[in-house]
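Text of protein-v3.csv, listed as CSV, C-alpha atoms:
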```
chain,number,residue,atom,x,y,z
A,958,MET,CA,-11.5,13.0,-3.4
A,959,LYS,CA,-8.7,15.5,-3.4
A,960,LEU,CA,-4.9,15.8,-3.0
A,961,VAL,CA,-3.6,18.3,-0.4
A,962,PHE,CA,0.0,19.2,-0.5
A,963,LEU,CA,1.3,20.0,3.0
A,964,GLY,CA,5.1,20.2,2.2
A,965,THR,CA,6.8,20.5,-1.2
A,966,SER,CA,10.5,21.3,-0.3
A,967,ALA,CA,13.5,19.0,-0.6
A,968,ALA,CA,15.9,18.3,2.3
A,969,GLN,CA,15.3,21.6,4.2
A,970,PRO,CA,12.3,23.9,4.6
A,971,THR,CA,12.2,27.4,3.1
A,972,GLU,CA,10.1,30.4,4.1
A,973,ASN,CA,7.4,29.2,1.7
A,974,ARG,CA,7.8,25.4,1.6
A,975,GLY,CA,7.6,22.8,4.3
A,976,LEU,CA,9.0,19.3,4.0
A,977,SER,CA,7.5,16.4,2.2
A,978,CYS,CA,3.9,15.6,3.1
A,979,ILE,CA,1.0,14.9,0.8
A,980,CYS,CA,-2.5,13.9,1.8
A,981,LEU,CA,-5.2,12.2,-0.3
A,982,GLU,CA,-8.6,12.8,1.3
A,983,ARG,CA,-11.3,10.3,0.2
A,984,GLU,CA,-14.7,10.0,1.8
A,985,GLY,CA,-13.5,11.1,5.2
A,986,GLU,CA,-10.4,9.0,5.2
A,987,ILE,CA,-6.9,10.5,5.1
A,988,ILE,CA,-4.1,8.7,3.2
A,989,MET,CA,-0.8,10.5,3.9
A,990,PHE,CA,2.4,10.0,2.0
A,991,ASP,CA,5.5,11.0,4.0
A,992,ALA,CA,5.7,13.3,7.0
A,993,GLY,CA,8.6,15.6,7.0
A,994,GLU,CA,9.6,17.7,10.0
A,995,ALA,CA,6.8,19.9,11.4
A,996,ALA,CA,4.2,18.0,9.4
A,997,GLN,CA,1.7,18.4,12.3
A,998,ILE,CA,1.8,22.2,11.9
A,999,SER,CA,0.9,22.0,8.2
A,1000,TYR,CA,-1.7,19.3,9.0
A,1001,LEU,CA,-3.3,21.6,11.6
A,1002,LYS,CA,-3.5,24.5,9.1
A,1003,SER,CA,-5.1,22.2,6.5
A,1004,GLY,CA,-8.1,21.6,8.8
A,1005,LEU,CA,-8.3,17.9,7.7
A,1006,GLY,CA,-9.1,16.7,11.2
A,1007,TRP,CA,-7.3,14.8,13.9
A,1008,ASN,CA,-9.5,11.8,14.6
A,1009,LYS,CA,-10.3,10.5,11.1
A,1010,LYS,CA,-9.5,7.1,9.7
A,1011,MET,CA,-5.9,7.4,8.5
A,1012,LYS,CA,-3.0,5.6,6.9
A,1013,ILE,CA,0.5,7.0,6.5
A,1014,PHE,CA,2.8,5.6,3.7
A,1015,VAL,CA,6.5,6.5,4.2
A,1016,THR,CA,8.6,6.3,1.1
A,1017,HIS,CA,12.0,6.2,2.9
A,1018,LEU,CA,13.8,6.9,6.1
A,1019,HIS,CA,15.4,10.3,5.3
A,1020,GLY,CA,14.6,12.9,7.9
A,1021,ASP,CA,12.7,15.2,5.5
A,1022,HIS,CA,10.3,12.4,4.8
A,1023,CYS,CA,9.7,10.8,8.2
A,1024,ILE,CA,10.8,12.9,11.2
A,1025,GLY,CA,7.4,14.6,11.2
A,1026,LEU,CA,5.8,11.3,12.3
A,1027,LEU,CA,6.9,11.9,15.8
A,1028,GLY,CA,5.3,15.3,16.1
A,1029,LEU,CA,2.1,14.0,14.4
A,1030,LEU,CA,1.8,11.1,16.9
A,1031,GLN,CA,2.3,13.3,19.9
A,1032,THR,CA,0.0,16.1,18.6
A,1033,MET,CA,-2.7,13.5,17.8
A,1034,THR,CA,-2.5,12.3,21.4
A,1035,MET,CA,-2.8,15.8,22.7
A,1036,GLN,CA,-5.9,16.1,20.4
A,1037,HIS,CA,-7.3,13.0,22.1
A,1038,ARG,CA,-7.3,10.8,19.0
A,1039,THR,CA,-8.8,7.4,19.6
A,1040,GLU,CA,-8.9,6.0,16.0
A,1041,ALA,CA,-6.2,3.5,15.3
A,1042,LEU,CA,-3.4,4.7,12.9
A,1043,GLU,CA,-1.8,2.5,10.2
A,1044,ILE,CA,1.7,3.3,9.2
A,1045,TYR,CA,3.4,1.6,6.2
A,1046,GLY,CA,7.1,2.0,5.3
A,1047,PRO,CA,10.4,0.3,4.6
A,1048,SER,CA,12.3,-1.9,7.0
A,1049,GLY,CA,13.5,0.1,10.0
A,1050,ILE,CA,10.4,2.2,10.4
A,1051,GLU,CA,9.1,0.2,13.4
A,1052,GLU,CA,12.4,0.6,15.2
A,1053,PHE,CA,12.5,4.3,14.3
A,1054,ILE,CA,9.1,5.0,15.8
A,1055,SER,CA,9.3,2.7,18.9
A,1056,ALA,CA,12.8,3.9,19.9
A,1057,ASN,CA,11.8,7.6,19.7
A,1058,ILE,CA,8.6,7.1,21.6
A,1059,LYS,CA,10.6,5.3,24.3
A,1060,VAL,CA,13.4,8.0,24.4
A,1061,LEU,CA,10.9,10.9,24.4
A,1062,ASN,CA,8.8,9.1,26.9
A,1063,PHE,CA,5.3,9.9,25.6
A,1064,GLY,CA,2.4,7.6,25.5
A,1065,LEU,CA,-0.3,7.4,22.8
A,1066,SER,CA,-4.0,7.7,23.1
A,1067,PHE,CA,-4.6,5.3,20.2
A,1068,SER,CA,-3.1,2.2,18.7
A,1069,VAL,CA,-0.5,2.2,15.9
A,1070,ILE,CA,-0.3,-0.6,13.4
A,1071,ILE,CA,3.0,-0.8,11.5
A,1072,THR,CA,3.5,-2.7,8.3
A,1073,ILE,CA,6.8,-3.2,6.5
A,1074,VAL,CA,6.5,-2.5,2.8
A,1075,GLU,CA,7.9,-4.7,0.0
A,1076,ASP,CA,7.3,-4.6,-3.8
A,1077,GLY,CA,3.7,-5.4,-4.8
A,1078,ILE,CA,0.4,-4.9,-3.2
A,1079,VAL,CA,0.6,-3.2,0.2
A,1080,PHE,CA,-3.1,-2.7,1.1
A,1081,ASP,CA,-6.3,-4.0,-0.5
A,1082,SER,CA,-10.0,-3.3,0.2
A,1083,LYS,CA,-13.2,-3.4,-1.7
A,1084,ILE,CA,-12.8,0.3,-2.4
A,1085,TYR,CA,-9.1,0.8,-3.3
A,1086,SER,CA,-5.7,-0.9,-3.4
A,1087,ILE,CA,-2.2,0.6,-2.8
A,1088,TYR,CA,0.9,-0.9,-4.5
A,1089,ALA,CA,4.6,-0.3,-3.9
A,1090,CYS,CA,7.5,-0.4,-6.3
A,1091,LYS,CA,11.2,0.0,-5.3
A,1092,ALA,CA,12.5,3.4,-6.4
A,1093,ASN,CA,16.2,4.3,-7.2
A,1094,HIS,CA,17.5,6.5,-4.3
A,1095,SER,CA,20.4,6.5,-2.0
A,1096,VAL,CA,18.6,4.4,0.6
A,1097,THR,CA,15.8,1.8,0.3
A,1098,THR,CA,12.9,3.8,-1.1
A,1099,TYR,CA,9.4,2.9,-2.4
A,1100,SER,CA,7.1,4.6,-4.7
A,1101,TYR,CA,3.3,4.2,-4.2
A,1102,LEU,CA,0.3,3.7,-6.4
A,1103,PHE,CA,-3.3,4.3,-5.3
A,1104,VAL,CA,-5.7,2.4,-7.4
A,1105,GLU,CA,-9.4,3.0,-6.9
A,1106,LYS,CA,-11.7,0.1,-7.7
A,1107,ASP,CA,-14.3,0.7,-10.5
A,1108,LYS,CA,-17.3,2.6,-9.1
A,1109,PRO,CA,-21.0,1.9,-9.7
A,1110,GLY,CA,-22.7,3.8,-12.5
A,1111,ARG,CA,-24.6,6.9,-11.6
A,1112,PHE,CA,-28.0,6.4,-10.1
A,1113,ASP,CA,-30.9,7.3,-12.4
A,1114,ILE,CA,-33.6,8.9,-10.2
A,1115,GLU,CA,-36.2,9.0,-12.9
A,1116,LYS,CA,-35.8,5.3,-13.6
A,1117,ALA,CA,-36.1,4.6,-9.8
A,1118,LYS,CA,-39.3,6.6,-9.6
A,1119,ALA,CA,-40.7,4.9,-12.7
A,1120,LEU,CA,-40.2,1.6,-11.0
A,1121,ALA,CA,-42.0,2.8,-7.9
A,1122,ILE,CA,-39.0,2.3,-5.7
A,1123,PRO,CA,-39.4,4.2,-2.4
A,1124,GLU,CA,-36.6,6.7,-1.7
A,1125,GLY,CA,-34.2,6.0,1.1
A,1126,LYS,CA,-32.8,2.6,2.1
A,1127,LEU,CA,-33.7,0.8,-1.1
A,1128,TRP,CA,-32.1,3.5,-3.2
A,1129,ASN,CA,-29.0,3.2,-1.2
A,1130,GLN,CA,-28.9,-0.6,-1.6
A,1131,LEU,CA,-29.2,-0.4,-5.4
A,1132,GLN,CA,-26.5,2.3,-5.5
A,1133,ASN,CA,-24.2,-0.2,-3.6
A,1134,GLY,CA,-24.8,-2.9,-6.2
A,1135,MET,CA,-27.4,-4.9,-4.2
A,1136,GLU,CA,-30.6,-6.3,-5.7
A,1137,ILE,CA,-33.9,-5.5,-3.9
A,1138,LYS,CA,-37.4,-7.0,-3.7
A,1139,ILE,CA,-40.6,-4.9,-3.6
A,1140,GLU,CA,-44.0,-6.7,-3.4
A,1141,GLY,CA,-42.6,-9.8,-5.1
A,1142,ARG,CA,-40.7,-7.8,-7.8
A,1143,ILE,CA,-36.9,-8.3,-7.9
A,1144,ILE,CA,-35.1,-5.1,-9.1
A,1145,LEU,CA,-31.5,-5.3,-10.2
A,1146,PRO,CA,-29.0,-2.5,-9.7
A,1147,GLU,CA,-28.4,-2.3,-13.5
A,1148,GLN,CA,-32.0,-1.3,-14.0
A,1149,VAL,CA,-31.3,2.0,-12.3
A,1150,LEU,CA,-27.6,2.5,-12.7
A,1151,GLY,CA,-25.5,3.7,-15.6
A,1152,GLU,CA,-22.3,2.0,-16.8
A,1153,LYS,CA,-19.6,1.5,-14.2
A,1154,ARG,CA,-17.2,4.3,-13.8
A,1155,PRO,CA,-13.4,3.5,-13.9
A,1156,GLY,CA,-11.6,4.3,-10.6
A,1157,LYS,CA,-8.7,6.7,-10.4
A,1158,LYS,CA,-5.0,5.9,-10.4
A,1159,ILE,CA,-2.7,8.2,-8.4
A,1160,GLY,CA,1.1,7.8,-8.2
A,1161,ILE,CA,3.5,9.1,-5.6
A,1162,SER,CA,7.2,8.8,-6.6
A,1163,GLY,CA,9.0,9.8,-3.4
A,1164,ASP,CA,12.7,10.5,-4.0
A,1165,THR,CA,14.1,8.7,-7.0
A,1166,ILE,CA,16.0,8.7,-10.3
A,1167,PRO,CA,13.6,7.9,-13.2
A,1168,THR,CA,13.6,4.2,-14.0
A,1169,LYS,CA,11.9,2.0,-16.6
A,1170,GLU,CA,10.3,0.1,-13.7
A,1171,LEU,CA,8.6,3.2,-12.4
A,1172,GLU,CA,7.6,4.2,-15.9
A,1173,LYS,CA,5.7,0.9,-16.1
A,1174,PHE,CA,4.5,1.1,-12.5
A,1175,PHE,CA,2.8,4.5,-13.1
A,1176,GLU,CA,1.4,3.7,-16.6
A,1177,ASN,CA,-1.9,5.4,-17.3
A,1178,CYS,CA,-2.1,7.3,-14.0
A,1179,ASP,CA,-4.7,10.0,-13.8
A,1180,TYR,CA,-2.4,11.9,-11.6
A,1181,LEU,CA,1.3,11.4,-10.9
A,1182,VAL,CA,3.3,13.3,-8.2
A,1183,PHE,CA,6.9,13.1,-9.1
A,1184,ASP,CA,10.3,14.2,-7.7
A,1185,SER,CA,11.5,17.4,-9.4
A,1186,THR,CA,14.3,18.4,-7.1
A,1187,PHE,CA,16.4,20.0,-9.8
A,1188,LEU,CA,16.4,21.7,-13.2
A,1189,ASP,CA,17.9,19.9,-16.1
A,1190,GLU,CA,20.9,22.3,-16.1
A,1191,THR,CA,22.0,20.5,-13.0
A,1192,ALA,CA,21.1,17.0,-14.1
A,1193,ASP,CA,24.6,15.8,-12.9
A,1194,LYS,CA,23.7,16.9,-9.4
A,1195,ALA,CA,20.4,15.1,-9.6
A,1196,GLU,CA,22.1,11.9,-10.6
A,1197,GLU,CA,24.7,12.3,-7.9
A,1198,THR,CA,22.0,12.7,-5.2
A,1199,CYS,CA,19.6,10.2,-6.7
A,1200,HIS,CA,16.9,12.7,-7.6
A,1201,SER,CA,15.1,13.8,-10.8
A,1202,THR,CA,14.9,17.0,-12.8
A,1203,ALA,CA,11.6,18.5,-13.9
A,1204,LYS,CA,12.5,17.5,-17.5
A,1205,GLN,CA,13.1,13.9,-16.4
A,1206,ALA,CA,9.8,13.8,-14.5
A,1207,ALA,CA,8.0,15.1,-17.6
A,1208,MET,CA,9.7,12.5,-19.9
A,1209,LEU,CA,8.7,9.7,-17.5
A,1210,GLY,CA,5.1,11.1,-17.3
A,1211,LYS,CA,4.9,11.3,-21.1
A,1212,ASN,CA,6.2,7.8,-21.7
A,1213,ALA,CA,3.9,6.4,-19.0
A,1214,LYS,CA,0.9,8.1,-20.6
A,1215,VAL,CA,0.1,9.9,-17.4
A,1216,LYS,CA,-2.8,12.3,-17.8
A,1217,ASN,CA,-1.7,14.9,-15.2
A,1218,LEU,CA,1.8,15.4,-13.9
A,1219,ILE,CA,2.4,17.2,-10.6
A,1220,LEU,CA,6.0,18.4,-9.8
A,1221,THR,CA,7.1,18.5,-6.2
A,1222,HIS,CA,10.2,18.2,-3.8
A,1223,PHE,CA,11.9,21.3,-5.0
A,1224,SER,CA,15.5,22.1,-3.9
A,1225,ALA,CA,15.8,25.1,-1.5
A,1226,ARG,CA,18.1,26.7,-4.0
A,1227,TYR,CA,15.1,27.7,-6.1
A,1228,LYS,CA,12.9,30.6,-4.9
A,1229,ASP,CA,10.0,29.5,-7.0
A,1230,GLU,CA,8.9,26.7,-9.4
A,1231,THR,CA,8.5,28.8,-12.5
A,1232,ARG,CA,11.4,27.3,-14.4
A,1233,HIS,CA,10.5,23.7,-13.3
A,1234,LEU,CA,7.1,24.3,-14.8
A,1235,GLU,CA,8.4,25.7,-18.0
A,1236,GLU,CA,10.9,22.9,-18.4
A,1237,ALA,CA,8.3,20.2,-17.9
A,1238,LYS,CA,5.6,21.8,-20.1
A,1239,GLN,CA,7.9,21.6,-23.1
A,1240,ILE,CA,7.4,17.8,-22.8
A,1241,HIS,CA,4.1,17.0,-21.1
A,1242,GLN,CA,0.9,18.7,-21.9
A,1243,SER,CA,-0.7,18.8,-18.4
A,1244,VAL,CA,1.7,19.9,-15.7
A,1245,ILE,CA,1.2,21.5,-12.3
A,1246,ALA,CA,3.9,22.7,-9.9
A,1247,ALA,CA,2.8,21.9,-6.4
A,1248,LYS,CA,2.8,24.6,-3.7
A,1249,ASP,CA,2.2,24.2,0.1
A,1250,PHE,CA,-1.5,23.9,0.8
A,1251,LEU,CA,-2.4,23.4,-2.9
A,1252,GLU,CA,-5.6,21.3,-3.2
A,1253,ILE,CA,-6.4,19.4,-6.3
A,1254,GLU,CA,-9.8,17.9,-6.8
A,1255,ILE,CA,-9.6,14.4,-8.4
A,1256,LYS,CA,-12.1,14.4,-11.2
```

For the file at hand, write its structure as structure tokens.
Amino acid sequence: MKLVFLGTSAAQPTENRGLSCICLEREGEIIMFDAGEAAQISYLKSGLGWNKKMKIFVTHLHGDHCIGLLGLLQTMTMQHRTEALEIYGPSGIEEFISANIKVLNFGLSFSVIITIVEDGIVFDSKIYSIYACKANHSVTTYSYLFVEKDKPGRFDIEKAKALAIPEGKLWNQLQNGMEIKIEGRIILPEQVLGEKRPGKKIGISGDTIPTKELEKFFENCDYLVFDSTFLDETADKAEETCHSTAKQAAMLGKNAKVKNLILTHFSARYKDETRHLEEAKQIHQSVIAAKDFLEIEIK
């Protein structure tokens, strides 16, 4: 599982940064958060693949977070995508997509399933869940939390061999938590598996002022990607535009006991993220400043 940053700029692109777009790749599935203008170009360069199982979670309907949806949909069709695409976002997203498809007059080669987001659980499966929490921005905005379910313990090959379990299908069944039967013997998964491994928690803030609600929402995240549009010297500008500073992001991450903090959504006024990183590292011990095409392995 890895995070891939396809756009890390705020409001407008720069020579080195595209607009907001983050992908979480997990076992062949792509979970995308936001799709700013030209997201399809960054996605193409990433090599993640056009016909994979995919969900897109939109934080809010500002252009630098959602205009790229249109290009993605059209390019996916040109790439002959057939896999259904799920899109989640605040009220208005269905109208935004359907109206533009109608005006631009292009058909799709795949079905699109749109779900309107509200506070609470947004998606749930046996493998992971995704939750939403209302953020504090100038329009209706949601932050997202990816929560991986606990994983089975590691498979002990030596124990499996000692129990004379043939390699192949039966090993796979045990790894997936199923008991098996061999020549009248019942073998339970716990006989060959170690202790369960806790799943990962990954938070995506979108655009927001730090809030106590988000601090609680992101508590104990393994990784938190947070709005760091400004430096603390322009905290008044951050408040005026409903964004965060790198210092504020670090304070929230520290208070929420986040293990790893990732700064993103940098204002175009900054040529690089050096000062953001320095500012945040004074408060939080593990900070990364995201760059376009940065890949972070989730361990």

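Point (-3.7, 0.9, -0.5) has the following residues at most 10 Å away: Ile988, Lys1012, Phe1014, Tyr1045, Ile1078, Val1079, Phe1080, Asp1081, Ser1082, Ile1084, Tyr1085, Ser1086, Ile1087, Tyr1088, Ala1089, Tyr1101, Leu1102, Phe1103, Val1104 and Glu1105 of chain A (atoms considered: only C-alpha atoms).
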
Shell around Thr971 in chain A at 10 Å using all atoms listed in the file, local window under 2 positions removed, as a ChimeraX atom specification: /A:965-969,973-976,1224-1228

Sphere at (10.3, -1.9, 7.3), radius 12 Å, counting all atoms listed in the file: residues as a PyMOL selection string: chain A and resi 1014-1018+1044-1054+1071-1076+1097-1099

First collect every listed atom of range 1144-1161 of chain A; then fit an axis-aligned box around them, widen it by 6 Å on each side, and give centre and edge lengths in Å to one decimal, as lines of an AutoDock Vina configuration file.
```
center_x = -15.8
center_y = 1.9
center_z = -11.2
size_x = 50.6
size_y = 26.4
size_z = 23.2
```

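When only C-alpha atoms are used to compute distances to Glu1140 in chain A, the closest of the residues A:Trp1128, A:Ala1121, A:Met1035, A:His1222 turns out to be A:Ala1121.
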
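Across A:Ser977, A:Ala995, A:Ser1003, A:Leu1042, the tightest approach to Thr1186 in chain A is made by A:Ser977 when counting all atoms listed in the file.
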
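Distance-wise, CA of Ser1055 in chain A and CA of Lys1009 in chain A end up 22.5 Å apart.
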
Atomic distance CA of Lys1138 in chain A - CA of Ala1117 in chain A, expressed in Å with one decimal: 13.2 Å

Listing only residues of range 1085-1135 of chain A within 12 Å of range 1187-1205 of chain A, what is the closest atom pair and its distance in Å (to one decimal) for each, using only C-alpha atoms, sorted by chain and residue number ascending, as a tab-separated table?
```
residue	atom	partner	partner_atom	distance
A:Ala1092	CA	A:Cys1199	CA	9.8
A:Asn1093	CA	A:Cys1199	CA	6.8
A:His1094	CA	A:Cys1199	CA	4.9
A:Ser1095	CA	A:Cys1199	CA	6.0
A:Val1096	CA	A:Cys1199	CA	9.4
A:Thr1097	CA	A:Cys1199	CA	11.6
A:Thr1098	CA	A:Cys1199	CA	10.8
```

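CA of Tyr1180 in chain A to CA of Ala996 in chain A spans 22.8 Å [interatomic distance, one decimal].
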
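The residue set within 7 Å of Leu981 in chain A, counting all atoms listed in the file and dropping same-chain residues fewer than 2 places from it, reads Lys959, Leu960, Val961, Ile979, Arg983, Ile987, Ile988 and Met989 of chain A.
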
Counting all atoms listed in the file, what is within 7 Å of range 1147-1151 of chain A, bar same-chain residues fewer than 5 positions away, as an mmCIF file with C-alpha atoms, in the coordinates of the input?
```cif
data_model
loop_
_atom_site.group_PDB
_atom_site.id
_atom_site.type_symbol
_atom_site.label_atom_id
_atom_site.label_comp_id
_atom_site.auth_asym_id
_atom_site.auth_seq_id
_atom_site.Cartn_x
_atom_site.Cartn_y
_atom_site.Cartn_z
ATOM 1 C CA GLY A 1110 -22.700 3.800 -12.500
ATOM 2 C CA ARG A 1111 -24.600 6.900 -11.600
ATOM 3 C CA PHE A 1112 -28.000 6.400 -10.100
ATOM 4 C CA ASP A 1113 -30.900 7.300 -12.400
ATOM 5 C CA LYS A 1116 -35.800 5.300 -13.600
ATOM 6 C CA ALA A 1117 -36.100 4.600 -9.800
#
```

Nearest to Leu1209 in chain A, chosen from A:Leu1061, A:Leu1234, A:Ile1166, A:Met958, with only C-alpha atoms counted in the distances: A:Ile1166

For Ile998 in chain A: contacts at 10 Å, only C-alpha atoms, fewer than 3 positions along chain excluded, given as a VMD selection string: chain A and resid 963 975 994 to 995 1001 to 1003 1025 1028 to 1029 1032

Keeping C-alpha atoms for every residue in the selection just given, could you write it to a file as an mmCIF file, in the coordinates of the input?
```
data_model
loop_
_atom_site.group_PDB
_atom_site.id
_atom_site.type_symbol
_atom_site.label_atom_id
_atom_site.label_comp_id
_atom_site.auth_asym_id
_atom_site.auth_seq_id
_atom_site.Cartn_x
_atom_site.Cartn_y
_atom_site.Cartn_z
ATOM 1 C CA LEU A 963 1.300 20.000 3.000
ATOM 2 C CA GLY A 975 7.600 22.800 4.300
ATOM 3 C CA GLU A 994 9.600 17.700 10.000
ATOM 4 C CA ALA A 995 6.800 19.900 11.400
ATOM 5 C CA LEU A 1001 -3.300 21.600 11.600
ATOM 6 C CA LYS A 1002 -3.500 24.500 9.100
ATOM 7 C CA SER A 1003 -5.100 22.200 6.500
ATOM 8 C CA GLY A 1025 7.400 14.600 11.200
ATOM 9 C CA GLY A 1028 5.300 15.300 16.100
ATOM 10 C CA LEU A 1029 2.100 14.000 14.400
ATOM 11 C CA THR A 1032 0.000 16.100 18.600
#
```

Shortest interatomic distance to Asn1129 in chain A - which of A:Gly964, A:Gly993, A:Ile1024, A:Pro1146, counting all atoms listed in the file: A:Pro1146

Nearest to Leu1005 in chain A, chosen from A:Leu1026, A:Leu1251, A:Cys980, A:Ile1143, with all atoms listed in the file counted in the distances: A:Cys980

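Closest approach to Leu1181 in chain A among A:Gln1132, A:Thr1231, A:Ser1243, A:Ser999 is made by A:Ser1243 (distances from only C-alpha atoms).
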
Distance query range 1062-1070 of chain A at most 9 Å, all atoms listed in the file, self and fewer than 3 positions along chain excluded, as JSON, numbers by chain: {"A": [1030, 1031, 1033, 1034, 1035, 1037, 1038, 1039, 1040, 1041, 1042, 1043, 1044, 1045, 1057, 1058, 1059]}
